[in-house]
Amino acid sequence: MRRVALLLSALAFIGSGALVNAKDGPPAALPDLGAVHATRAELAAAQPVTAKHAMVVTAQHLATEIGVDILKKGGNAVDAAVAVGYALAVVHPCCGNIGGGGFMTLHLADGRNLFLDFREKAPLAATTTMFQDANGNVVPERSRSSWLAIGVPGTVMGLDEALTTYGTMSRAEVMAPAIALARKGFVLNASDAHILALRAKVFASQPNVAAIFLHPDGKPYSAGERLVQPALAKTLDLIARKGPDAFYKGPIARAIVAASQQGGGLFTMKDFADYSAPWSAPVTCRYHGYQVVSTPPPSSGGTTVCEILQIVAPYPFAKWGFGSTQVTHYLVEAERCAFADRNTYLGDPAFVTNPIAKLLSADHAAKIRSEIAPDRATPSSEVKGSLGADEGQHTTQYSIVDAQGNAVSVTYTINFFFGTGKIAGDTGFFLNNEMDDFTSKPGVANAFGLVQGKTNEIQPGKRPLSSMTPTIVLKSGKLFMVTGSPGGSTIISTTLESILNVVDFGMNMQQAVDAPRLHHQWLPDIVTVEPGYLSPKVKVALEGMGYTFRVHSPWGADEAILRNPATSLLEGANDNRRPSGLAAGY
Ligand code: GLY
């Protein structure tokens with residue numbers, strides 16, 4: 001009953017969706033996918049897929065089915081996660097990848113919480129100013145679409161590390177479905193075809209890419225057509241037989257290094273041979289009786305989500321309601337401060353000291369709360385990293401729970417849709433442009449508009465700070481939720497809001513991921529909202545307090561799972577912004 005009452009009060013605040021008044025177009029890194037936001041009635045009626053034993057949710061239905069098959073054959077959540085990781089590289093090539101990197105957060109049935117870092121690394125010849133011209137001006141093209149933009153990919157090492165440490169099946173078994181899909185092809189639906197068409201011009205500029213992703217007459221593939229990727233099948237087959245050495249020490253590394261050197265990049269074989277995917281302890285925090293288990297640096301996500309939760313915890317969000325003036329005000333102020341800290345203090349832990357304990361302390365949260373005025377927006381120009389003087393769509397999410405109680409949350413990425421848009425020779429897979437996540441120059445925004453500092457400057461062998469936030473929420477030590485999203489800097493607010501929507505606003509998992517979103521990242525000092533987030537009354541009230549809003553087409557794709565304590569059923573929710581996705585279980 002409490003959940004229903006909370007939900008009704010939440011829905012009362014959801015606006016009509018007619019408030020599109022954007023002056024600014026979407027940032028290059030967050031393209032309009034043509035997704036439609038849920039109306040108030042649709043949101044009220046939204047129901048998750050339920051299953052008793054196990055659940056897989058991904059942004060592409062064929063990958064979900066592969067994950068469920070692996071679980072039904074007796075594989076565990078890690079086996080399924082590796083199979084899904086390779087399958088998405090075939091059927092969701094914008095984002096699923098072997099040419100990028102990511103993070104995996106795990107909650108094992110025995111209670112252990114783990115984090116695996118397979119983020120890309122800067123080449124050893126990288127320099128702090130490599131994306132600046134002779135006058136010190138940042139040249140965005142260099143960090144986004146040139147061969148310099150590519151970090152050493154981590155996905156193959158990460159998936160293999162997870163499989164050999166916690167999986168039960170062989171590499172050949174978990175990779176076989178992806179290899180078959182690449183070799184025989186798969187039929188594109190409208191959403192798959194729409195995403196491919198987004199970068200058709202980039203594909204057309206390179207013969208080896210056009211040969212795979214465009215028809216001979218240069219036209220993009222349409223819904224109903226079969227996309228076959230024999231070169232990718234060959235690469236995957238090599239990895240299945242020879243393991244990560246094929247990628248990091250063998251012919252695949254050689255192909256990437258050769259293409260990089262020919263195209264003006266910096267890669268050498270040593271960059272690949274040196275790559276590793278380390279385990280570390282997740283960042284954890286408590287919120288309203290739940291334990292949030294999330295990503296440590298080089299992800300900024302877990303720290304920033306937890307900092308925001310610590311700041312907002314004492315406010316009566318449940319009473320105020322989703323989308324209310326008060327919730328929006330205090331959430332934006334908390335996001336503003338936490339992003340200022342993110343951009344000032346965090347970086348690759350192999351290179352900088354991350355003050356996580358201080359950022360997540362009760363004192364720090366109290367100090368920030370004491371500086372938030374109840375009736376006015378704080379200009380971001382008045383907010384700095386708040387520990388004192390400074391010392392010093394893209395991506396895809398999938399979530400899996402198995403019948404034993406193991407849970408895996410993975411976000412991995414090649415940064416932009418299709419990364420650089422480049423493929424090395426006949427390897428058949430896209431290479432990332434993750435180097436743009438570094439600070440090209442302190443104070444200059446990256447593609448996601450993030451204005452970052454020295455802790456995230458480029459150094460040889462360093463991992464760029466990420467916003468990816470694959471997260472698991474526990475209640476009394478038991479699995480409660482698996483969540484995360486693509487969306488660059490908006491990943492953090494999307495993940496955070498999925499937790500608030502369930503914990504504070506009483507939504508079911510489907511409603512929590514479909515509900516309209518809000519995002520603030522300190523700079524630029526604009527509150528970005530999806531259509532439908534703001535009711536006219538709330539908008540007027542908040543503008544009176546000094547807020548500037550930008551309504552942006554829907555973003556993110558939270559592929560989430562909830563273990564409903566009332567029914568013990570798993571609730572799977574594919575984000576309605578990715579119609580090709582699927583939640584399925586048994
Ligand atoms: N490439 C986006 C991120 O990792 O934050």
# chains A, B, ... in the order shown; residues from 1 in each chain; ligands from 1

call {"tool": "select_by_dssp", "arguments": {"residues": "segment 306-418 of chain A", "states": "helix (DSSP H, G or I)", "output": "NGL selection string"}}
result
:A and (306-312 or 317-320 or 325-345 or 356-359 or 362-370 or 380-382)

call {"tool": "residues_around", "arguments": {"residues": "Val352 of chain A", "least_positions_apart": "4", "cutoff": "7 Å", "atoms": "only C-alpha atoms", "output": "list in words"}}
result
Gly347, Asp348 and Thr455 of chain A

call {"tool": "write_last_selection", "arguments": {"atoms": "N, CA, C and O atoms", "output": "tab-separated table (two decimals), in the first residue's frame"}}
result
chain	number	residue	atom	x	y	z
A	347	GLY	N	40.51	10.63	-10.31
A	347	GLY	CA	41.31	10.19	-11.45
A	347	GLY	C	41.73	8.75	-11.26
A	347	GLY	O	41.34	8.09	-10.29
A	348	ASP	N	42.52	8.25	-12.18
A	348	ASP	CA	43.00	6.86	-12.12
A	348	ASP	C	43.78	6.64	-10.82
A	348	ASP	O	44.78	7.33	-10.58
A	455	THR	N	43.73	16.14	-12.01
A	455	THR	CA	43.79	14.74	-11.58
A	455	THR	C	43.45	13.80	-12.73
A	455	THR	O	43.81	12.63	-12.70

call {"tool": "closest_atom_pairs", "arguments": {"of": "chain A", "to": "ligand 1", "cutoff": "6 Å", "atoms": "only C-alpha atoms and all ligand atoms", "output": "Markdown table"}}
result
| residue | atom | partner | partner_atom_place_in_ligand_line | distance |
| --- | --- | --- | --- | --- |
| A:Asn415 | CA | ligand 1 | 1 (N) | 3.9 |
| A:Glu434 | CA | ligand 1 | 1 (N) | 5.7 |
| A:Ser466 | CA | ligand 1 | 5 (O) | 3.6 |
| A:Ser467 | CA | ligand 1 | 5 (O) | 3.6 |
| A:Met468 | CA | ligand 1 | 4 (O) | 5.1 |
| A:Gly488 | CA | ligand 1 | 2 (C) | 4.2 |
| A:Ser489 | CA | ligand 1 | 5 (O) | 5.8 |

call {"tool": "residues_around", "arguments": {"residues": "Thr353 of chain A", "least_positions_apart": "6", "cutoff": "12 Å", "atoms": "only C-alpha atoms", "output": "PyMOL selection string"}}
result
chain A and resi 297-298+344-347+391-392+455-456

call {"tool": "closest_residue", "arguments": {"among": "A:Val68, A:Val84, A:Ile372, A:Ile195", "to": "Arg578 of chain A", "atoms": "only C-alpha atoms"}}
result
A:Ile195

call {"tool": "select_by_dssp", "arguments": {"residues": "segment 55-287 of chain A", "states": "strand (DSSP E)", "output": "JSON, numbers by chain"}}
result
{"A": [55, 56, 57, 58, 101, 102, 103, 104, 105, 106, 107, 113, 114, 115, 116, 117, 118, 186, 187, 226, 227, 279, 280, 283, 284, 285, 286, 287]}

call {"tool": "write_last_selection", "arguments": {"atoms": "N, CA, C and O atoms", "output": "tab-separated table (two decimals), in the first residue's frame"}}
result
chain	number	residue	atom	x	y	z
A	55	MET	N	17.34	-13.74	-14.30
A	55	MET	CA	16.89	-12.65	-15.19
A	55	MET	C	18.10	-12.06	-15.92
A	55	MET	O	19.18	-11.94	-15.36
A	56	VAL	N	17.89	-11.71	-17.19
A	56	VAL	CA	18.90	-11.01	-17.98
A	56	VAL	C	18.21	-9.82	-18.62
A	56	VAL	O	17.12	-9.96	-19.20
A	57	VAL	N	18.84	-8.65	-18.56
A	57	VAL	CA	18.30	-7.47	-19.23
A	57	VAL	C	19.44	-6.81	-20.00
A	57	VAL	O	20.47	-6.47	-19.41
A	58	THR	N	19.27	-6.66	-21.30
A	58	THR	CA	20.28	-5.97	-22.11
A	58	THR	C	19.57	-5.06	-23.11
A	58	THR	O	18.36	-5.15	-23.30
A	101	GLY	N	36.17	-0.60	-23.48
A	101	GLY	CA	36.45	-1.07	-22.13
A	101	GLY	C	35.27	-0.83	-21.22
A	101	GLY	O	34.23	-0.31	-21.67
A	102	GLY	N	35.40	-1.21	-19.96
A	102	GLY	CA	34.27	-1.02	-19.06
A	102	GLY	C	34.55	-1.47	-17.65
A	102	GLY	O	35.70	-1.65	-17.24
A	103	PHE	N	33.47	-1.67	-16.94
A	103	PHE	CA	33.53	-2.08	-15.53
A	103	PHE	C	32.49	-3.15	-15.26
A	103	PHE	O	31.40	-3.13	-15.85
A	104	MET	N	32.82	-4.05	-14.31
A	104	MET	CA	31.87	-5.07	-13.88
A	104	MET	C	31.78	-5.00	-12.35
A	104	MET	O	32.81	-5.06	-11.66
A	105	THR	N	30.57	-4.89	-11.83
A	105	THR	CA	30.35	-4.95	-10.38
A	105	THR	C	29.60	-6.25	-10.09
A	105	THR	O	28.62	-6.56	-10.77
A	106	LEU	N	30.09	-7.00	-9.11
A	106	LEU	CA	29.50	-8.31	-8.82
A	106	LEU	C	29.09	-8.41	-7.36
A	106	LEU	O	29.79	-7.91	-6.47
A	107	HIS	N	27.97	-9.07	-7.15
A	107	HIS	CA	27.59	-9.52	-5.80
A	107	HIS	C	27.45	-11.03	-5.90
A	107	HIS	O	26.58	-11.53	-6.62
A	113	ASN	N	31.34	-8.84	-2.45
A	113	ASN	CA	31.11	-7.78	-3.45
A	113	ASN	C	32.44	-7.46	-4.11
A	113	ASN	O	33.44	-7.23	-3.43
A	114	LEU	N	32.47	-7.43	-5.45
A	114	LEU	CA	33.73	-7.30	-6.19
A	114	LEU	C	33.59	-6.29	-7.31
A	114	LEU	O	32.48	-6.04	-7.81
A	115	PHE	N	34.73	-5.77	-7.74
A	115	PHE	CA	34.73	-4.82	-8.86
A	115	PHE	C	35.88	-5.16	-9.80
A	115	PHE	O	37.01	-5.37	-9.34
A	116	LEU	N	35.59	-5.21	-11.08
A	116	LEU	CA	36.60	-5.50	-12.10
A	116	LEU	C	36.73	-4.30	-13.03
A	116	LEU	O	35.73	-3.83	-13.60
A	117	ASP	N	37.96	-3.83	-13.19
A	117	ASP	CA	38.25	-2.64	-14.00
A	117	ASP	C	38.88	-3.08	-15.33
A	117	ASP	O	40.01	-3.55	-15.34
A	118	PHE	N	38.13	-2.92	-16.42
A	118	PHE	CA	38.73	-3.17	-17.74
A	118	PHE	C	38.62	-1.93	-18.62
A	118	PHE	O	38.35	-2.00	-19.81
A	186	PHE	N	22.31	-11.45	-38.43
A	186	PHE	CA	21.05	-11.33	-37.69
A	186	PHE	C	20.20	-10.27	-38.37
A	186	PHE	O	20.72	-9.38	-39.06
A	187	VAL	N	18.89	-10.39	-38.18
A	187	VAL	CA	17.97	-9.48	-38.86
A	187	VAL	C	17.78	-8.23	-37.99
A	187	VAL	O	17.46	-8.31	-36.80
A	226	ARG	N	19.49	-8.40	-43.14
A	226	ARG	CA	20.40	-9.20	-42.32
A	226	ARG	C	21.79	-8.58	-42.35
A	226	ARG	O	22.34	-8.31	-43.43
A	227	LEU	N	22.36	-8.33	-41.19
A	227	LEU	CA	23.73	-7.82	-41.10
A	227	LEU	C	24.66	-8.99	-40.79
A	227	LEU	O	24.55	-9.63	-39.74
A	279	TRP	N	41.23	-6.33	-10.23
A	279	TRP	CA	40.10	-6.36	-9.31
A	279	TRP	C	40.35	-5.36	-8.20
A	279	TRP	O	41.50	-5.14	-7.81
A	280	SER	N	39.30	-4.76	-7.68
A	280	SER	CA	39.47	-3.95	-6.46
A	280	SER	C	38.16	-3.92	-5.69
A	280	SER	O	37.16	-4.50	-6.13
A	283	VAL	N	33.14	0.80	-4.26
A	283	VAL	CA	32.75	1.89	-3.35
A	283	VAL	C	31.39	1.51	-2.78
A	283	VAL	O	30.51	1.05	-3.52
A	284	THR	N	31.22	1.67	-1.48
A	284	THR	CA	29.91	1.35	-0.90
A	284	THR	C	29.43	2.50	-0.02
A	284	THR	O	30.23	3.28	0.50
A	285	CYS	N	28.11	2.60	0.11
A	285	CYS	CA	27.53	3.58	1.03
A	285	CYS	C	26.14	3.09	1.44
A	285	CYS	O	25.58	2.19	0.80
A	286	ARG	N	25.61	3.70	2.49
A	286	ARG	CA	24.26	3.33	2.94
A	286	ARG	C	23.28	4.45	2.56
A	286	ARG	O	23.63	5.63	2.59
A	287	TYR	N	22.08	4.04	2.21
A	287	TYR	CA	21.03	5.03	1.93
A	287	TYR	C	19.70	4.46	2.35
A	287	TYR	O	19.25	3.45	1.80

call {"tool": "residues_around", "arguments": {"residues": "Ala51 of chain A", "least_positions_apart": "5", "cutoff": "10 Å", "atoms": "only C-alpha atoms", "output": "MDAnalysis selection string"}}
result
chainID A and resid 563 568:572 583:586

call {"tool": "closest_residue", "arguments": {"among": "A:Gly461, A:Gly428, A:Ala193, A:Met435", "to": "Ala350 of chain A", "atoms": "only C-alpha atoms"}}
result
A:Gly461

call {"tool": "residues_around", "arguments": {"residues": "Ala362 of chain A", "least_positions_apart": "6", "cutoff": "10 Å", "atoms": "only C-alpha atoms", "output": "JSON list (two decimals) with N, CA, C and O atoms, in the first residue's frame"}}
result
[["chain", "number", "residue", "atom", "x", "y", "z"],
["A", 307, "GLU", "N", 28.09, 10.18, -2.97],
["A", 307, "GLU", "CA", 28.16, 11.53, -2.39],
["A", 307, "GLU", "C", 26.79, 12.21, -2.46],
["A", 307, "GLU", "O", 26.33, 12.81, -1.48],
["A", 310, "GLN", "N", 24.48, 10.72, 0.14],
["A", 310, "GLN", "CA", 24.78, 11.18, 1.51],
["A", 310, "GLN", "C", 24.24, 12.60, 1.74],
["A", 310, "GLN", "O", 23.75, 12.92, 2.81],
["A", 311, "ILE", "N", 24.32, 13.42, 0.69],
["A", 311, "ILE", "CA", 23.84, 14.81, 0.84],
["A", 311, "ILE", "C", 22.32, 14.83, 1.00],
["A", 311, "ILE", "O", 21.77, 15.51, 1.87]]

call {"tool": "residues_around", "arguments": {"residues": "Ala87 of chain A", "least_positions_apart": "2", "cutoff": "12 Å", "atoms": "only C-alpha atoms", "output": "PyMOL selection string"}}
result
chain A and resi 58-67+70+80-85+89-93+95-98+159+174-183+185-186+232-233+236+398
